[in-house]
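Take a look at the structure below.
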Amino acid sequence: MRWRHVWDVARKEVLSTWRDHRALMSNILLPLVLLPVIMLGMPLLLGGLFERETTTVTQIGLAAGSAMPAELRAALEAQNVELVEVEDPQAAVRDDDYPAALAVPDDFAERIAAGGTSAVQVYSKVGNLRSELNAGKLQGAITAYQQEVVARRLSAEGLDRSILEPVTITTVDASSEAERSSGQMSWLIPFFIAIWTLTGGQMTAIDATAGEKERGTLESLLVAPVRRSEVVVGKFFATLTFGLSASFAAIAGYLLGGWVMRSIFLPRMGEEGNSLVTMMGGSLSVDARSILLLLMSAVLLSAVVAAVLLGISLFARSFKEAQSYIAPLSFLFVIPAVALQFKDLIGIGDTAYMVPVLNALLLMDDIVKGSAELSSILVTWATLAVVIVLLLVFAYRNFTREDVIFRS
Amino acid sequence: MIQVRGLTKTFEGGKGGKKVVAVDHLDFHVMPGEVYGLLGPNGAGKTTTLRMLATLLKPDAGTASVAGLDVVTKAEQVRARIGVVNGGMGLYDRLTGREILHYFGRMYDMDEASIDARIERLDGLLQLGDTLDRKAGGFSTGMKQKIVVARAVIHDPPVIFFDEATSGLDVVARRNVLDFVRAYPSEGRAVVYSTHVMGEVEELVQRCSIIYQGRKIAEGTVAELTAQTEARNLEEAFFRLVSRTDTGDVSREVPA
């Protein structure tokens with residue numbers, strides 16, 4: 001292996017791809033922007049919406065007339081609710097006149113005062129976030145009013161309220177700081193790294209193989225005294241460069257977005273918005289060691305992808321044909337990446353760390369959550385290294401096969 | 001300069017899974033200073049022959065040597081001593097002509113100064129002009145072929161193979177290629193010129209083989225071939241030879 005020729009082949013492929021403006025867009029700008037937008041922008045938007053709905057006074061339909069007890073009205077108004085009389089509460093919500101409505105029977109105050117029971121109806125649109133949020137406000141106010149009535153009735157009987165709760169439950173979150181801050185959307189990080197690795201290297205791999213065949217330049221390269229192994233390794237490094245640039249841009253975008261969120265937006269958000277952002281992974285931060293582990297895993301995953309792309313796309317006779325071969329590959333990444341969010345339920349065992357690609361995704365998810373174990377790291381990296389070598393041998397063999405090189 | 005003996009190549013993919021004989025026990029030799037022609041219709045086996053000589057395909061039988069080196073056992077050394085110009089050979093669209101020539105020059109272990117000096121010389125020979133500093137994606141067919149030829153001879157090889165090199169070229173670009181081919185062997189090198197265009201063979205080659213269905217059916221100078229077949233020109237000689245081969249009314253070779 002003469003590394004000078006490997007470098008020459010790699011440099012030419014990198015230069016050629018770099019001069020394609022689409023490469024700059026798909027390898028740097030999109031991954032840099034898309035992950036922060038989805039991971040941080042969406043929680044920020046939702047958090048802001050929740051915050052606004054809970055802090056601003058919202059008009060709510062009320063069908064009660066004079067039956068509404070003053071205490072209940074006060075509890076509702078404490079929730080930033082302005083009650084507006086309506087004839088038909090269901091129609092008022094259905095027609096979007098009000099996000100939610102409350103119906104209180106005429107004899108409500110009388111029955112409660114007499115120590116009896118009564119029923120109220122809360123109207124909302126299921127599936128409509130704003131409507132459900134405001135219905136939640138109503139339910140919260142009614143629950144508070146109910147507890148007040150219960151406490152008063154118990155007191156009248158000389159009983160303490162604690163008689164209703166002989167056992168109290170305290171839930172303690174045993175997860176690590178990283179797990180808590182990673183939220184429920186942390187699986188998006190390995191998902192996006194995997195997708196960008198595939199997308200970023202794809203253009204270079206196809207252009208350097210099927211594209212060269214289609215143009216007729218592969219034949220002119222192979223009649224030069226460069227060895228096939230040097231061609232394969234050079235093209236592999238070029239493909240790896242663009243796969244990595246895309247996944248590194250995704251990681252950089254995520255880190256940058258996280259910093260912006262923590263330092264600018266979170267301090268300005270209220271408790272409701274803050275907890276929502278955290279739940280969705282918007283306040284996620286990882287330490288320097290985790291970033292290094294993440295980068296190393298991304299390098300190995302990109303190398304696997306680059307070797308696969310080279311080996312497969314060389315079979316194709318044209319750029320378009322190669323794209324059709326590679327398109328199904330994305331399922332190999334998307335399905336396990338999406339399954340990551342259910343990995344606790346699925347019960348993935350240690351052997352999964354020996355399954356190429358899946359292991360990289362699992363490990364990156366562990367790293368983000370701060371729960372990566374040394375054994376998982378070593379098994380994953382060793383497995384990926386072996387697979388990279390095997391795939392490069394496969395790609396090299398394809399480059400030496402006459403029926404592949406001259407397939408037409 | 002080139003020795004070919006019993007060269008044979010078969011491919012999978014015939015009807016009923018049978019093998020197709022693309023080149024069938026081919027013999028010829030090319031002397032230094034000679035332009036040697038391979039004349040035959042499309043599918044005759046000319047490109048397969050050149051690909052074996054260029055070490056891209058391995059022969060199933062027979063031997064071939066280029067510049068004294070066996071094409072199978074000394075493939076890398078053979079590749080360092082040959083250049084290939086193909087009508088279908090493209091270029092890297094996003095690289096300039098100069099960048100393409102530097103890329104290939106480095107593949108032949110040339111240093112940057114030698115490549116620059118060689119480009120300057122080729123610029124004089126081929127009038128590369130604008131093609132050097134423009135990206136190849138915007139080249140006309142003629143401009144492309146200039147860089148394709150320059151790329152093939154960037155390392156000043158003793159042997160060049162031209163395979164349907166004027167295919168698709170306009171009259172000016174074609175003339176440039178033909179002039180270059182005629183001038184090249186004057187420096188003591190050899191050219192193998194493969195084509196189905198009779199006029200190019202008549203103009204360029206000292207000797208040629210007529211290849212038909214993978215086999216050599218005749219070899220000699222243009223004058224020898226026309227005399228042998230009592231034809232008025234090479235095209236008539238070609239069709240008479242092919243016709244005799246199809247009817248079995250000919251020995252498979254006309255002695256040179």
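Residue numbering restarts at 1 in every chain; chains get A, B, ... in the order shown in the structure tokens, and ligands count up from 1 in that same order.
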
**Message:** Near chain B, meaning an atom within 12 Å, which residues of chain A appear when counting only C-alpha atoms? Write them as an NGL selection string.
**Reply:** :A and (2-21 or 207-208 or 211-228 or 230-231 or 399-408)

Since we have the selection now, will you write its residues out, keeping N, CA and C atoms, as a compact mmCIF listing (two decimals), in the first residue's frame?
# COMPACT_ATOMS: atom_id res chain seq x y z
N ARG A 2 0.73 2.07 -1.05
CA ARG A 2 1.51 3.32 -1.10
C ARG A 2 0.57 4.46 -0.71
N TRP A 3 0.82 5.01 0.48
CA TRP A 3 -0.12 5.98 1.05
C TRP A 3 -0.21 7.26 0.24
N ARG A 4 0.84 7.54 -0.55
CA ARG A 4 0.80 8.74 -1.39
C ARG A 4 -0.34 8.63 -2.41
N HIS A 5 -0.48 7.43 -2.97
CA HIS A 5 -1.55 7.24 -3.95
C HIS A 5 -2.92 7.21 -3.27
N VAL A 6 -2.96 6.62 -2.07
CA VAL A 6 -4.22 6.62 -1.30
C VAL A 6 -4.66 8.07 -1.07
N TRP A 7 -3.71 8.89 -0.65
CA TRP A 7 -3.99 10.31 -0.37
C TRP A 7 -4.44 11.01 -1.64
N ASP A 8 -3.76 10.73 -2.78
CA ASP A 8 -4.13 11.37 -4.05
C ASP A 8 -5.57 11.03 -4.43
N VAL A 9 -5.91 9.76 -4.31
CA VAL A 9 -7.28 9.33 -4.67
C VAL A 9 -8.29 10.00 -3.73
N ALA A 10 -7.99 9.97 -2.42
CA ALA A 10 -8.92 10.55 -1.45
C ALA A 10 -9.08 12.05 -1.67
N ARG A 11 -7.96 12.74 -1.91
CA ARG A 11 -8.00 14.19 -2.08
C ARG A 11 -8.82 14.59 -3.30
N LYS A 12 -8.65 13.83 -4.38
CA LYS A 12 -9.42 14.13 -5.60
C LYS A 12 -10.92 13.94 -5.35
N GLU A 13 -11.28 12.86 -4.66
CA GLU A 13 -12.71 12.62 -4.39
C GLU A 13 -13.29 13.70 -3.48
N VAL A 14 -12.51 14.10 -2.47
CA VAL A 14 -12.99 15.13 -1.55
C VAL A 14 -13.18 16.45 -2.30
N LEU A 15 -12.19 16.81 -3.12
CA LEU A 15 -12.27 18.06 -3.89
C LEU A 15 -13.47 18.04 -4.83
N SER A 16 -13.66 16.91 -5.48
CA SER A 16 -14.74 16.78 -6.44
C SER A 16 -16.10 16.92 -5.75
N THR A 17 -16.25 16.28 -4.60
CA THR A 17 -17.53 16.38 -3.88
C THR A 17 -17.72 17.78 -3.31
N TRP A 18 -16.64 18.33 -2.78
CA TRP A 18 -16.72 19.65 -2.14
C TRP A 18 -17.18 20.72 -3.11
N ARG A 19 -16.80 20.56 -4.38
CA ARG A 19 -17.18 21.57 -5.38
C ARG A 19 -18.63 21.45 -5.82
N ASP A 20 -19.29 20.39 -5.35
CA ASP A 20 -20.71 20.25 -5.63
C ASP A 20 -21.45 20.96 -4.50
N HIS A 21 -22.14 22.07 -4.81
CA HIS A 21 -22.77 22.87 -3.75
C HIS A 21 -23.81 22.08 -2.96
N ASP A 207 -20.53 8.66 -6.45
CA ASP A 207 -19.78 9.38 -7.48
C ASP A 207 -18.42 8.72 -7.73
N ALA A 208 -17.84 8.16 -6.67
CA ALA A 208 -16.49 7.57 -6.79
C ALA A 208 -16.53 6.15 -7.35
N GLY A 211 -20.61 6.38 -10.39
CA GLY A 211 -20.46 7.60 -11.17
C GLY A 211 -19.24 7.53 -12.09
N GLU A 212 -18.14 7.00 -11.55
CA GLU A 212 -16.92 6.86 -12.36
C GLU A 212 -17.14 5.84 -13.49
N LYS A 213 -17.90 4.78 -13.18
CA LYS A 213 -18.19 3.80 -14.24
C LYS A 213 -19.01 4.45 -15.34
N GLU A 214 -20.04 5.19 -14.91
CA GLU A 214 -20.96 5.81 -15.86
C GLU A 214 -20.22 6.81 -16.76
N ARG A 215 -19.31 7.58 -16.18
CA ARG A 215 -18.56 8.57 -16.96
C ARG A 215 -17.46 7.93 -17.79
N GLY A 216 -17.02 6.73 -17.39
CA GLY A 216 -15.92 6.06 -18.07
C GLY A 216 -14.56 6.42 -17.49
N THR A 217 -14.56 7.13 -16.35
CA THR A 217 -13.28 7.53 -15.77
C THR A 217 -12.65 6.42 -14.93
N LEU A 218 -13.47 5.46 -14.48
CA LEU A 218 -12.91 4.38 -13.65
C LEU A 218 -11.89 3.57 -14.45
N GLU A 219 -12.23 3.32 -15.72
CA GLU A 219 -11.34 2.54 -16.57
C GLU A 219 -10.00 3.25 -16.74
N SER A 220 -10.06 4.58 -16.92
CA SER A 220 -8.80 5.31 -17.12
C SER A 220 -7.98 5.34 -15.83
N LEU A 221 -8.66 5.33 -14.68
CA LEU A 221 -7.92 5.28 -13.41
C LEU A 221 -7.26 3.91 -13.23
N LEU A 222 -8.00 2.86 -13.59
CA LEU A 222 -7.49 1.50 -13.35
C LEU A 222 -6.39 1.09 -14.33
N VAL A 223 -6.24 1.82 -15.46
CA VAL A 223 -5.11 1.51 -16.34
C VAL A 223 -3.85 2.28 -15.93
N ALA A 224 -3.96 3.12 -14.91
CA ALA A 224 -2.77 3.76 -14.33
C ALA A 224 -2.15 2.74 -13.34
N PRO A 225 -0.87 2.91 -13.01
CA PRO A 225 -0.24 1.91 -12.16
C PRO A 225 -0.60 2.01 -10.68
N VAL A 226 -1.75 2.57 -10.38
CA VAL A 226 -2.22 2.60 -9.00
C VAL A 226 -2.85 1.24 -8.69
N ARG A 227 -2.64 0.76 -7.45
CA ARG A 227 -3.19 -0.57 -7.10
C ARG A 227 -4.65 -0.43 -6.69
N ARG A 228 -5.37 -1.53 -6.91
CA ARG A 228 -6.81 -1.50 -6.57
C ARG A 228 -7.01 -1.22 -5.08
N GLU A 230 -5.20 0.60 -3.19
CA GLU A 230 -5.01 2.04 -2.95
C GLU A 230 -6.23 2.83 -3.39
N VAL A 231 -6.84 2.40 -4.49
CA VAL A 231 -8.05 3.06 -4.98
C VAL A 231 -9.18 2.90 -3.95
N PHE A 399 -13.72 -4.51 -6.50
CA PHE A 399 -12.88 -3.71 -7.40
C PHE A 399 -11.96 -4.57 -8.24
N THR A 400 -11.77 -5.82 -7.85
CA THR A 400 -10.89 -6.69 -8.64
C THR A 400 -11.69 -7.64 -9.54
N ARG A 401 -13.02 -7.57 -9.45
CA ARG A 401 -13.86 -8.47 -10.26
C ARG A 401 -14.18 -7.84 -11.61
N GLU A 402 -13.80 -8.53 -12.68
CA GLU A 402 -14.05 -8.01 -14.03
C GLU A 402 -15.54 -7.83 -14.29
N ASP A 403 -16.36 -8.79 -13.77
CA ASP A 403 -17.80 -8.71 -14.05
C ASP A 403 -18.44 -7.54 -13.31
N VAL A 404 -17.81 -7.04 -12.26
CA VAL A 404 -18.34 -5.87 -11.55
C VAL A 404 -17.85 -4.58 -12.20
N ILE A 405 -16.55 -4.52 -12.46
CA ILE A 405 -15.97 -3.29 -13.03
C ILE A 405 -16.54 -3.00 -14.42
N PHE A 406 -16.74 -4.06 -15.21
CA PHE A 406 -17.20 -3.84 -16.60
C PHE A 406 -18.66 -4.23 -16.77
N ARG A 407 -19.42 -4.25 -15.69
CA ARG A 407 -20.84 -4.60 -15.79
C ARG A 407 -21.56 -3.50 -16.58
N SER A 408 -22.24 -3.94 -17.63
CA SER A 408 -22.95 -2.93 -18.44
C SER A 408 -24.20 -3.55 -19.05

**Request:** Apply DSSP to the backbone of this structure and, from stretch 102-256 of chain B, keep only the residues in helix (DSSP H, G or I); write these as a ChimeraX atom specification.
**Result:** /B:102-107,112-126,129-132,136-138,141-152,171-187,198-204,222-229,234-247

Export C-alpha atoms of the chosen residues as a PDB file, in the first residue's frame?
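The file below, again-v7.pdb, is the result:
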ATOM      1  CA  HIS B 102      -1.874  16.536 -12.220  1.00  0.00           C
ATOM      2  CA  TYR B 103      -4.008  13.812 -10.632  1.00  0.00           C
ATOM      3  CA  PHE B 104      -3.028  11.277 -13.265  1.00  0.00           C
ATOM      4  CA  GLY B 105       0.589  12.460 -13.350  1.00  0.00           C
ATOM      5  CA  ARG B 106       0.874  11.718  -9.645  1.00  0.00           C
ATOM      6  CA  MET B 107      -0.538   8.232 -10.291  1.00  0.00           C
ATOM      7  CA  GLU B 112       4.755  18.364  -9.670  1.00  0.00           C
ATOM      8  CA  ALA B 113       7.512  20.100 -11.680  1.00  0.00           C
ATOM      9  CA  SER B 114       7.691  17.230 -14.191  1.00  0.00           C
ATOM     10  CA  ILE B 115       3.913  17.271 -14.570  1.00  0.00           C
ATOM     11  CA  ASP B 116       3.925  21.035 -15.192  1.00  0.00           C
ATOM     12  CA  ALA B 117       6.688  20.662 -17.792  1.00  0.00           C
ATOM     13  CA  ARG B 118       4.822  17.843 -19.500  1.00  0.00           C
ATOM     14  CA  ILE B 119       1.562  19.830 -19.526  1.00  0.00           C
ATOM     15  CA  GLU B 120       3.380  22.714 -21.194  1.00  0.00           C
ATOM     16  CA  ARG B 121       4.698  20.383 -23.894  1.00  0.00           C
ATOM     17  CA  LEU B 122       1.280  18.786 -24.415  1.00  0.00           C
ATOM     18  CA  ASP B 123      -0.292  22.237 -24.598  1.00  0.00           C
ATOM     19  CA  GLY B 124       1.936  22.893 -27.614  1.00  0.00           C
ATOM     20  CA  LEU B 125       1.090  19.555 -29.225  1.00  0.00           C
ATOM     21  CA  LEU B 126      -2.658  19.460 -28.545  1.00  0.00           C
ATOM     22  CA  GLY B 129      -5.427  26.305 -24.132  1.00  0.00           C
ATOM     23  CA  ASP B 130      -8.595  27.081 -22.175  1.00  0.00           C
ATOM     24  CA  THR B 131      -9.183  23.475 -21.214  1.00  0.00           C
ATOM     25  CA  LEU B 132      -6.405  23.612 -18.627  1.00  0.00           C
ATOM     26  CA  ALA B 136     -14.320  19.759 -17.403  1.00  0.00           C
ATOM     27  CA  GLY B 137     -18.098  19.832 -16.886  1.00  0.00           C
ATOM     28  CA  GLY B 138     -18.290  22.765 -19.295  1.00  0.00           C
ATOM     29  CA  THR B 141     -16.667  17.010 -26.875  1.00  0.00           C
ATOM     30  CA  GLY B 142     -13.540  18.162 -28.687  1.00  0.00           C
ATOM     31  CA  MET B 143     -12.134  19.845 -25.570  1.00  0.00           C
ATOM     32  CA  LYS B 144     -12.832  16.720 -23.560  1.00  0.00           C
ATOM     33  CA  GLN B 145     -11.009  14.523 -26.008  1.00  0.00           C
ATOM     34  CA  LYS B 146      -7.937  16.803 -25.906  1.00  0.00           C
ATOM     35  CA  ILE B 147      -7.675  16.303 -22.143  1.00  0.00           C
ATOM     36  CA  VAL B 148      -8.427  12.586 -22.504  1.00  0.00           C
ATOM     37  CA  VAL B 149      -5.501  12.277 -24.944  1.00  0.00           C
ATOM     38  CA  ALA B 150      -3.253  14.461 -22.755  1.00  0.00           C
ATOM     39  CA  ARG B 151      -4.171  12.353 -19.722  1.00  0.00           C
ATOM     40  CA  ALA B 152      -3.239   9.152 -21.563  1.00  0.00           C
ATOM     41  CA  VAL B 171     -14.328  17.050 -37.885  1.00  0.00           C
ATOM     42  CA  VAL B 172     -11.797  19.417 -36.259  1.00  0.00           C
ATOM     43  CA  ALA B 173     -11.418  17.410 -33.056  1.00  0.00           C
ATOM     44  CA  ARG B 174     -11.146  14.204 -35.083  1.00  0.00           C
ATOM     45  CA  ARG B 175      -8.386  15.701 -37.215  1.00  0.00           C
ATOM     46  CA  ASN B 176      -6.440  16.710 -34.071  1.00  0.00           C
ATOM     47  CA  VAL B 177      -6.602  13.133 -32.752  1.00  0.00           C
ATOM     48  CA  LEU B 178      -5.552  11.616 -36.085  1.00  0.00           C
ATOM     49  CA  ASP B 179      -2.614  14.037 -36.426  1.00  0.00           C
ATOM     50  CA  PHE B 180      -1.521  13.220 -32.903  1.00  0.00           C
ATOM     51  CA  VAL B 181      -1.654   9.461 -33.573  1.00  0.00           C
ATOM     52  CA  ARG B 182       0.371   9.814 -36.744  1.00  0.00           C
ATOM     53  CA  ALA B 183       3.035  11.915 -35.018  1.00  0.00           C
ATOM     54  CA  TYR B 184       3.354   9.863 -31.831  1.00  0.00           C
ATOM     55  CA  PRO B 185       5.338   6.831 -33.001  1.00  0.00           C
ATOM     56  CA  SER B 186       7.948   8.989 -34.719  1.00  0.00           C
ATOM     57  CA  GLU B 187       9.728   9.169 -31.395  1.00  0.00           C
ATOM     58  CA  MET B 198     -11.767   2.204 -42.794  1.00  0.00           C
ATOM     59  CA  GLY B 199     -10.567   5.673 -43.751  1.00  0.00           C
ATOM     60  CA  GLU B 200      -8.711   6.087 -40.466  1.00  0.00           C
ATOM     61  CA  VAL B 201      -6.947   2.758 -40.960  1.00  0.00           C
ATOM     62  CA  GLU B 202      -5.949   3.691 -44.503  1.00  0.00           C
ATOM     63  CA  GLU B 203      -4.572   7.012 -43.294  1.00  0.00           C
ATOM     64  CA  LEU B 204      -2.785   5.949 -40.129  1.00  0.00           C
ATOM     65  CA  VAL B 222      -3.580  -1.998 -46.527  1.00  0.00           C
ATOM     66  CA  ALA B 223      -1.993  -2.667 -49.920  1.00  0.00           C
ATOM     67  CA  GLU B 224      -1.494  -6.361 -49.093  1.00  0.00           C
ATOM     68  CA  LEU B 225      -5.071  -6.784 -47.950  1.00  0.00           C
ATOM     69  CA  THR B 226      -6.556  -5.128 -51.026  1.00  0.00           C
ATOM     70  CA  ALA B 227      -4.255  -7.089 -53.316  1.00  0.00           C
ATOM     71  CA  GLN B 228      -5.072 -10.370 -51.597  1.00  0.00           C
ATOM     72  CA  THR B 229      -8.787  -9.812 -52.052  1.00  0.00           C
ATOM     73  CA  LEU B 234      -9.867  -1.422 -47.782  1.00  0.00           C
ATOM     74  CA  GLU B 235     -13.619  -1.301 -47.230  1.00  0.00           C
ATOM     75  CA  GLU B 236     -14.210  -3.631 -50.166  1.00  0.00           C
ATOM     76  CA  ALA B 237     -11.402  -5.881 -48.970  1.00  0.00           C
ATOM     77  CA  PHE B 238     -12.931  -5.953 -45.499  1.00  0.00           C
ATOM     78  CA  PHE B 239     -16.377  -7.023 -46.734  1.00  0.00           C
ATOM     79  CA  ARG B 240     -14.899  -9.693 -49.018  1.00  0.00           C
ATOM     80  CA  LEU B 241     -12.902 -11.144 -46.130  1.00  0.00           C
ATOM     81  CA  VAL B 242     -15.886 -11.093 -43.793  1.00  0.00           C
ATOM     82  CA  SER B 243     -18.105 -12.637 -46.440  1.00  0.00           C
ATOM     83  CA  ARG B 244     -15.628 -15.435 -47.099  1.00  0.00           C
ATOM     84  CA  THR B 245     -15.358 -16.114 -43.374  1.00  0.00           C
ATOM     85  CA  ASP B 246     -19.149 -16.327 -43.042  1.00  0.00           C
ATOM     86  CA  THR B 247     -19.364 -18.800 -45.914  1.00  0.00           C
TER      87      THR B 247
END

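Take atom CA of A:Leu35 and atom CA of A:Ser247: the distance between them is 10.5 Å.
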
**Request:** Using backbone DSSP assignments, extract all strand (DSSP E or B) residues from stretch 49-116 of chain B; output them as a PyMOL selection string.
**Result:** chain B and resi 61-66+69-70+82-86+96

**Request:** Give me the residues within 10 Å of A:Asn134 as a VMD selection string, counting only C-alpha atoms and dropping any in the same chain fewer than 5 places off.
**Result:** chain A and resid 50 53 to 54 58 to 60 79 to 81 98 to 101 122 to 124 129 139 to 140
